[in-house]
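Asks: One file is attached below, run-v7.txt, containing compact mmCIF, C-alpha atoms (C1' of nucleotides).
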```txt
# COMPACT_ATOMS: atom_id res chain seq x y z
CA MET V 27 -30.08 37.25 -50.51
CA ASP V 28 -28.89 40.62 -49.33
CA ASN V 29 -25.22 40.11 -49.80
CA GLN V 30 -25.66 39.09 -53.36
CA GLN V 31 -27.38 42.35 -54.19
CA ILE V 32 -24.45 44.24 -52.76
CA LYS V 33 -21.94 42.13 -54.65
CA ASP V 34 -23.87 42.50 -57.84
CA ALA V 35 -23.51 46.23 -57.43
CA GLY V 36 -19.74 45.75 -57.51
CA LEU V 37 -19.39 46.66 -53.85
CA LYS V 38 -17.69 44.82 -51.03
CA VAL V 39 -19.96 43.25 -48.49
CA THR V 40 -19.32 45.18 -45.30
CA ARG V 41 -21.16 45.50 -42.05
CA PRO V 42 -22.46 49.03 -42.70
CA ARG V 43 -23.79 48.05 -46.09
CA GLU V 44 -25.52 44.95 -44.79
CA LYS V 45 -27.06 46.79 -41.87
CA ILE V 46 -28.30 49.67 -43.98
CA LEU V 47 -29.84 47.40 -46.57
CA GLY V 48 -31.44 45.43 -43.76
CA ILE V 49 -33.01 48.55 -42.31
CA LEU V 50 -34.40 49.57 -45.65
CA GLU V 51 -35.88 46.12 -46.11
CA ARG V 52 -37.27 45.65 -42.66
CA SER V 53 -38.43 49.15 -41.85
CA GLY V 54 -42.17 49.57 -41.69
CA ARG V 55 -41.97 52.85 -43.53
CA ARG V 56 -40.92 52.73 -47.12
CA HIS V 57 -39.46 56.21 -47.16
CA LEU V 58 -36.53 56.96 -44.89
CA SER V 59 -34.23 59.93 -44.69
CA ALA V 60 -30.51 59.41 -44.15
CA GLU V 61 -31.04 60.67 -40.64
CA ASP V 62 -33.78 58.10 -40.05
CA VAL V 63 -31.46 55.31 -41.14
CA TYR V 64 -28.68 56.68 -38.98
CA LYS V 65 -30.91 56.86 -35.90
CA GLU V 66 -32.10 53.35 -36.52
CA LEU V 67 -28.50 52.16 -36.61
CA LEU V 68 -27.74 53.90 -33.33
CA THR V 69 -30.79 52.32 -31.75
CA ASN V 70 -29.53 48.93 -32.84
CA GLY V 71 -26.19 49.70 -31.24
CA ASP V 72 -24.32 49.84 -34.53
CA ASP V 73 -21.46 52.27 -34.57
CA ILE V 74 -21.75 53.60 -38.09
CA GLY V 75 -21.07 57.19 -39.07
CA LEU V 76 -23.57 59.44 -40.74
CA ALA V 77 -21.14 60.08 -43.55
CA THR V 78 -21.09 56.38 -44.26
CA VAL V 79 -24.86 56.26 -44.33
CA TYR V 80 -24.87 58.93 -47.00
CA ARG V 81 -22.07 57.27 -48.93
CA VAL V 82 -23.74 53.89 -48.87
CA LEU V 83 -27.15 55.23 -49.82
CA THR V 84 -25.59 57.12 -52.69
CA GLN V 85 -23.82 53.99 -53.87
CA PHE V 86 -27.02 52.00 -53.58
CA GLU V 87 -28.75 54.65 -55.60
CA GLY V 88 -26.08 54.41 -58.29
CA ALA V 89 -26.48 50.66 -58.29
CA GLY V 90 -30.22 51.00 -58.71
CA LEU V 91 -31.02 49.36 -55.37
CA VAL V 92 -32.72 52.44 -53.96
CA CYS V 93 -34.30 55.62 -55.25
CA ARG V 94 -33.68 59.04 -53.79
CA ARG V 95 -36.42 61.67 -53.74
CA HIS V 96 -36.30 65.31 -52.80
CA PHE V 97 -39.60 66.30 -51.26
CA GLU V 98 -40.10 69.94 -50.36
CA THR V 99 -39.22 69.19 -46.76
CA GLY V 100 -35.58 69.90 -47.46
CA GLN V 101 -34.47 66.36 -46.75
CA SER V 102 -33.98 63.57 -49.24
CA VAL V 103 -35.78 60.33 -48.63
CA PHE V 104 -34.65 56.94 -49.82
CA GLU V 105 -36.77 53.97 -50.70
CA LEU V 106 -35.98 50.47 -51.84
CA ASN V 107 -36.32 50.22 -55.57
CA SER V 108 -39.27 47.99 -56.22
CA GLY V 109 -38.65 48.02 -59.92
CA ASP V 110 -41.74 49.80 -61.03
CA HIS V 111 -41.91 53.54 -61.18
CA HIS V 112 -44.49 55.32 -59.07
CA ASP V 113 -45.38 58.78 -57.90
CA HIS V 114 -46.24 60.17 -54.49
CA LEU V 115 -49.01 61.72 -52.53
CA VAL V 116 -47.71 63.40 -49.37
CA CYS V 117 -49.80 64.63 -46.48
CA VAL V 118 -48.56 68.07 -45.48
CA ARG V 119 -49.81 67.60 -41.94
CA CYS V 120 -48.63 64.14 -40.91
CA ASN V 121 -46.07 63.47 -43.66
CA ARG V 122 -47.80 60.24 -44.58
CA VAL V 123 -46.74 59.07 -48.02
CA VAL V 124 -48.92 57.14 -50.43
CA GLU V 125 -47.59 55.76 -53.66
CA PHE V 126 -49.54 55.54 -56.87
CA VAL V 127 -49.10 54.84 -60.54
CA ASP V 128 -51.22 56.25 -63.31
CA PRO V 129 -50.51 55.00 -66.81
CA MET V 130 -52.34 57.87 -68.40
CA ILE V 131 -50.20 60.45 -66.65
CA GLU V 132 -47.05 58.56 -67.59
CA GLU V 133 -48.15 58.55 -71.17
CA ARG V 134 -48.99 62.24 -71.27
CA GLN V 135 -45.58 63.02 -69.80
CA SER V 136 -43.79 61.20 -72.57
CA ALA V 137 -45.92 62.96 -75.14
CA ILE V 138 -45.18 66.37 -73.64
CA ALA V 139 -41.46 65.73 -73.42
CA ALA V 140 -41.38 64.54 -77.01
CA GLN V 141 -43.34 67.58 -78.10
CA HIS V 142 -40.69 69.85 -76.59
CA GLY V 143 -37.82 67.83 -77.97
CA PHE V 144 -36.77 66.51 -74.58
CA HIS V 145 -35.40 63.05 -73.97
CA ILE V 146 -36.76 62.06 -70.55
CA GLU V 147 -34.27 60.89 -67.98
CA ASP V 148 -36.44 61.02 -64.92
CA HIS V 149 -39.42 62.74 -63.48
CA SER V 150 -41.00 63.45 -60.19
CA LEU V 151 -44.63 64.02 -59.48
CA VAL V 152 -45.61 64.81 -55.95
CA ILE V 153 -49.05 65.84 -54.88
CA TYR V 154 -49.17 67.64 -51.53
CA GLY V 155 -52.42 67.60 -49.65
CA VAL V 156 -54.20 66.77 -46.43
CA CYS V 157 -55.18 63.17 -45.84
CA THR V 158 -58.52 61.99 -44.47
CA ASP V 159 -57.25 61.46 -40.94
CA CYS V 160 -55.72 64.91 -40.70
CA ALA V 161 -58.77 66.56 -42.25
CA ALA V 162 -60.88 64.83 -39.62
CA ASN V 163 -58.70 66.05 -36.75
CA ALA V 164 -58.53 69.61 -38.02
CA MET C 1 -48.33 99.21 -60.50
CA ASP C 2 -45.56 97.49 -58.56
CA ASN C 3 -45.94 99.35 -55.34
CA GLN C 4 -49.57 98.55 -55.11
CA GLN C 5 -48.87 94.83 -55.26
CA ILE C 6 -46.48 95.20 -52.37
CA LYS C 7 -48.93 97.24 -50.35
CA ASP C 8 -51.71 94.84 -51.05
CA ALA C 9 -49.55 92.17 -49.51
CA GLY C 10 -49.54 94.18 -46.31
CA LEU C 11 -45.87 95.05 -46.70
CA LYS C 12 -44.13 98.38 -46.63
CA VAL C 13 -42.85 99.66 -49.91
CA THR C 14 -39.10 99.66 -49.51
CA ARG C 15 -36.23 99.89 -51.94
CA PRO C 16 -35.22 96.23 -51.64
CA ARG C 17 -38.75 95.06 -52.27
CA GLU C 18 -39.24 97.33 -55.27
CA LYS C 19 -35.93 96.30 -56.80
CA ILE C 20 -36.49 92.62 -56.29
CA LEU C 21 -39.97 92.72 -57.74
CA GLY C 22 -38.58 94.71 -60.68
CA ILE C 23 -35.94 92.09 -61.35
CA LEU C 24 -38.49 89.31 -61.29
CA GLU C 25 -40.66 91.22 -63.73
CA ARG C 26 -37.98 92.34 -66.10
CA SER C 27 -35.67 89.36 -66.10
CA GLY C 28 -35.60 87.43 -69.33
CA ARG C 29 -35.63 84.17 -67.46
CA ARG C 30 -38.75 83.29 -65.59
CA HIS C 31 -37.00 81.15 -63.02
CA LEU C 32 -34.44 82.75 -60.76
CA SER C 33 -32.68 81.48 -57.68
CA ALA C 34 -32.17 83.77 -54.73
CA GLU C 35 -28.53 83.91 -55.72
CA ASP C 36 -29.47 85.01 -59.24
CA VAL C 37 -31.57 87.84 -57.89
CA TYR C 38 -28.78 88.84 -55.52
CA LYS C 39 -26.19 88.93 -58.29
CA GLU C 40 -28.51 90.96 -60.46
CA LEU C 41 -28.86 93.47 -57.65
CA LEU C 42 -25.12 93.73 -57.25
CA THR C 43 -24.74 94.27 -60.98
CA ASN C 44 -27.22 97.11 -60.76
CA GLY C 45 -25.20 98.63 -57.97
CA ASP C 46 -27.82 98.01 -55.32
CA ASP C 47 -26.47 97.31 -51.90
CA ILE C 48 -28.94 94.72 -50.71
CA GLY C 49 -28.00 91.74 -48.57
CA LEU C 50 -28.59 88.13 -49.52
CA ALA C 51 -30.55 87.63 -46.32
CA THR C 52 -32.92 90.35 -47.40
CA VAL C 53 -33.36 88.72 -50.77
CA TYR C 54 -34.41 85.51 -49.08
CA ARG C 55 -36.66 87.32 -46.65
CA VAL C 56 -38.37 89.30 -49.36
CA LEU C 57 -38.84 86.35 -51.65
CA THR C 58 -40.31 84.37 -48.79
CA GLN C 59 -42.70 87.21 -48.00
CA PHE C 60 -43.68 87.49 -51.64
CA GLU C 61 -44.33 83.80 -51.67
CA GLY C 62 -46.55 84.11 -48.63
CA ALA C 63 -48.40 86.94 -50.34
CA GLY C 64 -48.91 84.85 -53.44
CA LEU C 65 -46.82 87.12 -55.66
CA VAL C 66 -44.25 84.45 -56.46
CA CYS C 67 -43.97 80.68 -56.39
CA ARG C 68 -41.01 78.80 -55.02
CA ARG C 69 -39.94 75.48 -56.49
CA HIS C 70 -37.36 72.99 -55.29
CA PHE C 71 -35.81 71.33 -58.27
CA GLU C 72 -33.36 68.52 -57.65
CA THR C 73 -30.46 70.87 -58.20
CA GLY C 74 -30.47 71.74 -54.53
CA GLN C 75 -31.45 75.34 -55.05
CA SER C 76 -34.91 76.82 -54.90
CA VAL C 77 -36.05 78.90 -57.82
CA PHE C 78 -38.63 81.63 -57.71
CA GLU C 79 -40.99 82.74 -60.42
CA LEU C 80 -43.59 85.44 -60.67
CA ASN C 81 -47.01 84.01 -60.06
CA SER C 82 -48.84 84.26 -63.34
CA GLY C 83 -52.03 82.98 -61.81
CA ASP C 84 -52.33 79.81 -63.78
CA HIS C 85 -50.73 76.65 -62.56
CA HIS C 86 -48.17 74.93 -64.74
CA ASP C 87 -45.58 72.21 -64.53
CA HIS C 88 -41.94 72.05 -65.57
CA LEU C 89 -39.58 70.35 -67.93
CA VAL C 90 -35.96 70.82 -66.85
CA CYS C 91 -32.89 70.06 -68.93
CA VAL C 92 -30.40 68.24 -66.76
CA ARG C 93 -27.49 69.47 -68.88
CA CYS C 94 -28.12 73.18 -69.37
CA ASN C 95 -30.81 73.77 -66.73
CA ARG C 96 -33.17 75.23 -69.28
CA VAL C 97 -36.71 75.27 -67.99
CA VAL C 98 -39.82 74.90 -70.10
CA GLU C 99 -43.28 75.32 -68.67
CA PHE C 100 -46.31 73.36 -69.72
CA VAL C 101 -49.87 72.68 -68.74
CA ASP C 102 -51.75 69.52 -69.44
CA PRO C 103 -55.41 69.46 -68.50
CA MET C 104 -55.57 65.71 -68.63
CA ILE C 105 -52.77 65.31 -66.13
CA GLU C 106 -54.35 67.88 -63.85
CA GLU C 107 -57.59 66.00 -64.00
CA ARG C 108 -56.02 62.63 -63.27
CA GLN C 109 -54.24 64.13 -60.28
CA SER C 110 -57.48 65.34 -58.76
CA ALA C 111 -59.03 61.96 -59.35
CA ILE C 112 -56.14 60.15 -57.71
CA ALA C 113 -56.09 62.45 -54.70
CA ALA C 114 -59.82 62.04 -54.25
CA GLN C 115 -59.50 58.30 -54.56
CA HIS C 116 -57.02 58.28 -51.65
CA GLY C 117 -59.06 60.70 -49.59
CA PHE C 118 -56.58 63.54 -49.98
CA HIS C 119 -57.54 67.16 -50.26
CA ILE C 120 -54.98 68.65 -52.65
CA GLU C 121 -53.12 71.72 -51.50
CA ASP C 122 -50.41 71.80 -54.10
CA HIS C 123 -48.48 69.59 -56.39
CA SER C 124 -45.29 69.57 -58.32
CA LEU C 125 -44.55 67.73 -61.50
CA VAL C 126 -41.08 68.04 -62.89
CA ILE C 127 -39.78 66.09 -65.84
CA TYR C 128 -36.00 65.90 -66.04
CA GLY C 129 -34.45 65.23 -69.41
CA VAL C 130 -32.03 66.37 -72.06
CA CYS C 131 -33.19 69.09 -74.43
CA THR C 132 -32.65 69.07 -78.18
CA ASP C 133 -29.70 71.46 -78.10
CA CYS C 134 -27.84 69.47 -75.48
CA ALA C 135 -28.59 66.18 -77.20
CA ALA C 136 -27.10 67.66 -80.37
CA ASN C 137 -23.91 68.79 -78.61
CA ALA C 138 -23.40 65.50 -76.81
C1' DT X 21 -4.33 30.49 -43.69
C1' DA X 22 -1.23 34.58 -43.76
C1' DG X 23 -0.45 38.70 -46.34
C1' DC X 24 -1.51 42.43 -49.50
C1' DA X 25 -3.65 46.01 -52.14
C1' DA X 26 -7.77 48.14 -53.18
C1' DG X 27 -11.53 49.65 -51.26
C1' DA X 28 -14.36 51.17 -46.99
C1' DT X 29 -14.96 53.45 -42.78
C1' DG X 30 -15.23 57.11 -39.12
C1' DC X 31 -14.36 61.34 -37.66
C1' DG X 32 -14.18 65.99 -37.99
C1' DA X 33 -13.97 69.69 -41.06
C1' DA X 34 -16.16 72.07 -44.78
C1' DA X 35 -19.40 73.26 -48.35
C1' DG X 36 -23.81 75.10 -50.02
C1' DC X 37 -28.21 76.93 -49.23
C1' DT X 38 -31.17 79.22 -46.12
C1' DT X 39 -32.57 81.36 -41.78
C1' DC X 40 -31.72 83.89 -37.52
C1' DT X 41 -30.03 87.69 -34.47
C1' DC X 42 -29.59 92.26 -33.48
C1' DA X 43 -28.35 96.94 -33.74
C1' DG X 44 -29.30 100.53 -36.63
C1' DT X 45 -32.44 102.53 -40.40
C1' DT X 46 -36.70 103.62 -42.83
C1' DG X 47 -41.65 103.77 -44.02
C1' DT X 48 -46.21 105.06 -42.50
C1' DC X 49 -49.64 107.22 -39.96
C1' DT X 50 -51.01 111.24 -37.17
C1' DA R 15 -42.20 116.59 -38.08
C1' DG R 16 -42.46 112.76 -34.61
C1' DA R 17 -43.20 108.18 -32.95
C1' DC R 18 -43.45 103.40 -33.54
C1' DA R 19 -43.53 99.43 -35.90
C1' DA R 20 -41.55 97.37 -39.59
C1' DC R 21 -37.49 96.57 -42.24
C1' DT R 22 -32.54 95.98 -43.40
C1' DG R 23 -27.52 94.53 -43.58
C1' DA R 24 -23.92 91.78 -41.93
C1' DG R 25 -22.37 88.06 -39.98
C1' DA R 26 -23.24 84.11 -37.25
C1' DA R 27 -25.58 79.88 -37.10
C1' DG R 28 -28.39 75.81 -38.74
C1' DC R 29 -29.21 71.95 -41.71
C1' DT R 30 -28.33 68.57 -44.82
C1' DT R 31 -24.84 66.56 -47.42
C1' DT R 32 -20.02 65.83 -48.96
C1' DC R 33 -14.91 65.68 -48.46
C1' DG R 34 -10.17 64.47 -46.71
C1' DC R 35 -7.41 61.47 -44.58
C1' DA R 36 -5.53 58.12 -41.39
C1' DT R 37 -7.03 53.64 -40.11
C1' DC R 38 -9.23 49.32 -40.68
C1' DT R 39 -11.52 45.38 -43.75
C1' DT R 40 -12.58 42.63 -47.46
C1' DG R 41 -11.51 39.57 -51.06
C1' DC R 42 -7.87 37.60 -53.52
C1' DT R 43 -3.42 35.14 -53.85
C1' DA R 44 0.24 32.16 -52.66
```
Starting from the file, give its structure as C-alpha cells.
Replies:
Amino acid sequence: MDNQQIKDAGLKVTRPREKILGILERSGRRHLSAEDVYKELLTNGDDIGLATVYRVLTQFEGAGLVCRRHFETGQSVFELNSGDHHDHLVCVRCNRVVEFVDPMIEERQSAIAAQHGFHIEDHSLVIYGVCTDCAANA
Amino acid sequence: MDNQQIKDAGLKVTRPREKILGILERSGRRHLSAEDVYKELLTNGDDIGLATVYRVLTQFEGAGLVCRRHFETGQSVFELNSGDHHDHLVCVRCNRVVEFVDPMIEERQSAIAAQHGFHIEDHSLVIYGVCTDCAANA
DNA sequence: TAGCAAGATGCGAAAGCTTCTCAGTTGTCT
DNA sequence: AGACAACTGAGAAGCTTTCGCATCTTGCTA
C-alpha cells in the first residue's frame, strides 16, 4: 500500500506525497518530468507547489522509490523504481521512450570499469534515434 | 591549420573563434565546460564574453568540430571531435573523465535499436563511479 | 482526544547554466 | 577602400531546480 512505502522511507504521510506517488503509479507514461507531475496535480485540483514536487521527488529518489534521469532535453525525468536496472532508447522526434536491458552490455561495463580501476556507482546508457513511426512520417 | 577548419564550417575567422579552438586543442584536459574555456580566455587576457563562448561552441558543435555532452553534473562539457566515437567513465568524486571504446557494446546497441525499429542518431553511455585515487583517499 | 515538537508545505526569491537582444564592430568579397 | 552580412560583448531574460522562512500538519504523548 502506498502509505507504507512512504513510511518505510522514514517520511511522514502527507497529502502531497500521497498524490505524487499516486500520479507516478497511475500515469500511463513511465517517465515524467517534475513539471509533468505538477501539471497533473493542478489538473486534479490539488494545490501543491512546484517546489514541493521537486522536494518530494528528490526524497523519493533518496529512498529508492524513484529513479531520476537526465536526458539531453535539459529536464530530468522521474520513473518509479521497478527494481531492475534498465537503459533507454529515446526517439528524438516524438520523445517516445523504450526501456531495455542487455546483460552483455551490463557485463562489459563492469569489466571496463574494473579495468580502469573504477568502482561503479551508477551508469546511464541512452540511445537517441528515430522510431519507426517517426521514420514513416518523415 | 586552425583557420581552415573554421572556414570549412562556413564561419568567419574571428579572434574569439581562433582562441577558443586553440584552447580546445592545447588544453591538457579533453573535456572542458563553457565556463572552463571562458576562464582560460580571461587568464590569457582575452576579452571575450561568456555568451560568445557558448555561441561559438554551439556553432562548432553544429559544424562537427566538437561534441557536447551532458553529464549529470548539470554542466555541459565540450571536447574536440576526434572522429571516432567513444564513451565515458566519470569519477563522481574528482570529476576525472576516462574515455573508452568497446566494440561489443557498440554492436549490441545497434542490435537493440534495430530490434525496436529505431534508427540510431546518437547515443551516450556514461559510467559513474569512484576512481582508484579517490577510493584510496576515502 | 488535546497538545506539542519535529517535520512538511507554499510561496516567492534566488541560484546556476544557457540563450537572447541589440547596438556597435569586424571579416570578406569586389 | 567600401559595403554588407556576419559577428561580438554586455546585460537582460529564460529555464529548471533549490532555498529561506513563516505557517500548517503529522505522529506521538499524556
Asks: For Cys134 (chain C), please output as a ChimeraX atom specification all residues within 12 Å (counting all atoms listed in the file; exclusion window: fewer than 2 positions along the same chain).
Replies: /V:143-145 /C:90-96,129-132,136-138
Asks: With 10 Å as the threshold, what does the neighbourhood of (-11.6, 55.8, -46.6) contain in terms of residues, counting all atoms listed in the file? Coordinates are those of the file; answer as a PyMOL selection string.
Replies: (chain V and resi 78) or (chain X and resi 27-30) or (chain R and resi 34-38)
Asks: Should the cut-off be 10 Å, what would the residue list for chain R against chain V look like, counting only C-alpha atoms (C1' of nucleotides), as number ranges by chain?
Replies: R: 29-33, 39-41
Asks: At a cut-off of 9 Å, can you tabulate as a Markdown table every residue of chain V near chain C together with its closest atom pair and the distance in Å to one decimal, using all atoms listed in the file and ordering rows by chain then number?
Replies:
```
| residue | atom | partner | partner_atom | distance |
| --- | --- | --- | --- | --- |
| V:Arg95 | CA | C:Glu72 | CA | 8.5 |
| V:His96 | CA | C:Glu72 | CA | 6.5 |
| V:Phe97 | CA | C:His70 | CA | 8.1 |
| V:Glu98 | CA | C:His70 | CA | 6.4 |
| V:Gly100 | CA | C:His70 | CA | 8.6 |
| V:Leu115 | CA | C:Ala113 | CA | 7.4 |
| V:Val116 | CA | C:Phe118 | CA | 8.9 |
| V:Cys117 | CA | C:Phe118 | CA | 7.7 |
| V:Val118 | CA | C:Glu121 | CA | 8.4 |
| V:Val124 | CA | C:His116 | CA | 8.3 |
| V:Phe126 | CA | C:Ile112 | CA | 8.1 |
| V:Asp128 | CA | C:Arg108 | CA | 8.0 |
| V:Met130 | CA | C:Ile105 | CA | 7.8 |
| V:Ile131 | CA | C:Ile105 | CA | 5.5 |
| V:Glu132 | CA | C:Ile105 | CA | 9.0 |
| V:Arg134 | CA | C:Ile105 | CA | 7.1 |
| V:Gln135 | CA | C:Ile127 | CA | 7.7 |
| V:Ile138 | CA | C:Phe100 | CA | 8.1 |
| V:Ala139 | CA | C:Leu89 | CA | 7.4 |
| V:His142 | CA | C:Cys131 | CA | 7.8 |
| V:Gly143 | CA | C:Thr132 | CA | 5.3 |
| V:Phe144 | CA | C:Cys131 | CA | 4.4 |
| V:His145 | CA | C:Val130 | CA | 5.1 |
| V:Ile146 | CA | C:Gly129 | CA | 4.1 |
| V:Glu147 | CA | C:Gly129 | CA | 4.6 |
| V:Asp148 | CA | C:Tyr128 | CA | 5.0 |
| V:His149 | CA | C:Ile127 | CA | 4.1 |
| V:Ser150 | CA | C:Val126 | CA | 5.3 |
| V:Leu151 | CA | C:Leu125 | CA | 4.2 |
| V:Val152 | CA | C:Ser124 | CA | 5.3 |
| V:Ile153 | CA | C:His123 | CA | 4.1 |
| V:Tyr154 | CA | C:Asp122 | CA | 5.0 |
| V:Gly155 | CA | C:Ile120 | CA | 4.1 |
| V:Val156 | CA | C:His119 | CA | 5.1 |
| V:Cys157 | CA | C:Phe118 | CA | 4.4 |
| V:Thr158 | CA | C:Gly117 | CA | 5.3 |
| V:Asp159 | CA | C:Gly117 | CA | 8.9 |
| V:Ala161 | CA | C:His119 | CA | 8.1 |
```
Asks: For the residues in that selection, give me C-alpha atoms as a compact mmCIF listing (two decimals), keeping the file's coordinate frame.
Replies:
```
# COMPACT_ATOMS: atom_id res chain seq x y z
CA ARG V 95 -36.42 61.67 -53.74
CA HIS V 96 -36.30 65.31 -52.80
CA PHE V 97 -39.60 66.30 -51.26
CA GLU V 98 -40.10 69.94 -50.36
CA GLY V 100 -35.58 69.90 -47.46
CA LEU V 115 -49.01 61.72 -52.53
CA VAL V 116 -47.71 63.40 -49.37
CA CYS V 117 -49.80 64.63 -46.48
CA VAL V 118 -48.56 68.07 -45.48
CA VAL V 124 -48.92 57.14 -50.43
CA PHE V 126 -49.54 55.54 -56.87
CA ASP V 128 -51.22 56.25 -63.31
CA MET V 130 -52.34 57.87 -68.40
CA ILE V 131 -50.20 60.45 -66.65
CA GLU V 132 -47.05 58.56 -67.59
CA ARG V 134 -48.99 62.24 -71.27
CA GLN V 135 -45.58 63.02 -69.80
CA ILE V 138 -45.18 66.37 -73.64
CA ALA V 139 -41.46 65.73 -73.42
CA HIS V 142 -40.69 69.85 -76.59
CA GLY V 143 -37.82 67.83 -77.97
CA PHE V 144 -36.77 66.51 -74.58
CA HIS V 145 -35.40 63.05 -73.97
CA ILE V 146 -36.76 62.06 -70.55
CA GLU V 147 -34.27 60.89 -67.98
CA ASP V 148 -36.44 61.02 -64.92
CA HIS V 149 -39.42 62.74 -63.48
CA SER V 150 -41.00 63.45 -60.19
CA LEU V 151 -44.63 64.02 -59.48
CA VAL V 152 -45.61 64.81 -55.95
CA ILE V 153 -49.05 65.84 -54.88
CA TYR V 154 -49.17 67.64 -51.53
CA GLY V 155 -52.42 67.60 -49.65
CA VAL V 156 -54.20 66.77 -46.43
CA CYS V 157 -55.18 63.17 -45.84
CA THR V 158 -58.52 61.99 -44.47
CA ASP V 159 -57.25 61.46 -40.94
CA ALA V 161 -58.77 66.56 -42.25
```
Asks: Kindly provide, as a ChimeraX atom specification, the residues of chain X having any atom no farther than 12 Å from an atom of chain C, counting only C-alpha atoms (C1' of nucleotides).
Replies: /X:36-41,45-48
Asks: So what do you get for CA of Leu67 (chain V) versus CA of Ile49 (chain V), distance-wise?
Replies: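 Between CA of Leu67 (chain V) and CA of Ile49 (chain V) the gap works out to 8.1 Å.
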Asks: Extract, using all atoms listed in the file, all DNA, RNA and protein residues at most 6 Å from Asn81 (chain C), discarding same-chain residues fewer than 6 positions from it, and format them as a PyMOL selection string.
Replies: chain C and resi 65-67
Asks: Would you compute the distance between CA of Gly62 (chain C) and CA of Ile6 (chain C)? Give it in Å to one decimal.
Replies: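 Answer for the CA of Gly62 (chain C) to CA of Ile6 (chain C) separation: 11.7 Å.
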Asks: Rounded to one decimal in Å, what is the spacing between CA of Leu58 (chain V) and CA of Glu105 (chain V)?
Replies: 6.5 Å
Asks: Which is closest to Pro42 (chain V) among V:Ile74, V:Ala137, V:Val63, V:Val123, if we use only C-alpha atoms?
Replies: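 Going through V:Ile74, V:Ala137, V:Val63, V:Val123 one by one, the smallest distance to Pro42 (chain V) is for V:Ile74.
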Asks: Is it possible to get the axis-aligned box enclosing region 32-42 of chain R (all listed atoms, 6 Å extra per side) as lines of an AutoDock Vina configuration file, with centre and edge lengths in Å rounded to one decimal?
Replies:
```
center_x = -12.8
center_y = 51.7
center_z = -46.8
size_x = 26.5
size_y = 40.2
size_z = 25.4
```
Asks: Could you add the missing atoms to region 51-62 of chain V, up to N, CA, C and O atoms, and return them as a tab-separated table (two decimals), in the frame of the given file?
Replies:
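After the write, out_29.tsv holds the following:
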```
chain	number	residue	atom	x	y	z
V	51	GLU	N	-34.97	47.24	-45.82
V	51	GLU	CA	-35.88	46.12	-46.11
V	51	GLU	C	-36.87	45.87	-44.99
V	51	GLU	O	-38.02	45.54	-45.25
V	52	ARG	N	-36.41	46.02	-43.77
V	52	ARG	CA	-37.27	45.65	-42.66
V	52	ARG	C	-38.09	46.79	-42.07
V	52	ARG	O	-38.99	46.56	-41.28
V	53	SER	N	-37.71	48.02	-42.43
V	53	SER	CA	-38.43	49.15	-41.85
V	53	SER	C	-39.89	49.14	-42.28
V	53	SER	O	-40.22	48.82	-43.41
V	54	GLY	N	-40.75	49.50	-41.36
V	54	GLY	CA	-42.17	49.57	-41.69
V	54	GLY	C	-42.41	50.64	-42.74
V	54	GLY	O	-43.12	50.42	-43.71
V	55	ARG	N	-41.79	51.78	-42.57
V	55	ARG	CA	-41.97	52.85	-43.53
V	55	ARG	C	-41.16	52.57	-44.78
V	55	ARG	O	-40.06	52.04	-44.70
V	56	ARG	N	-41.66	52.96	-45.89
V	56	ARG	CA	-40.92	52.73	-47.12
V	56	ARG	C	-39.98	53.89	-47.42
V	56	ARG	O	-39.04	53.75	-48.18
V	57	HIS	N	-40.25	55.03	-46.83
V	57	HIS	CA	-39.46	56.21	-47.16
V	57	HIS	C	-38.69	56.70	-45.95
V	57	HIS	O	-39.27	57.17	-44.99
V	58	LEU	N	-37.37	56.59	-46.02
V	58	LEU	CA	-36.53	56.96	-44.89
V	58	LEU	C	-35.52	58.02	-45.31
V	58	LEU	O	-34.95	57.93	-46.39
V	59	SER	N	-35.28	58.97	-44.42
V	59	SER	CA	-34.23	59.93	-44.69
V	59	SER	C	-32.92	59.33	-44.19
V	59	SER	O	-32.93	58.35	-43.45
V	60	ALA	N	-31.81	59.91	-44.59
V	60	ALA	CA	-30.51	59.41	-44.15
V	60	ALA	C	-30.46	59.44	-42.63
V	60	ALA	O	-29.95	58.53	-41.98
V	61	GLU	N	-31.01	60.50	-42.10
V	61	GLU	CA	-31.04	60.67	-40.64
V	61	GLU	C	-31.84	59.55	-39.98
V	61	GLU	O	-31.44	59.03	-38.95
V	62	ASP	N	-32.95	59.19	-40.58
V	62	ASP	CA	-33.78	58.10	-40.05
V	62	ASP	C	-32.96	56.82	-40.00
V	62	ASP	O	-32.99	56.09	-39.00
```
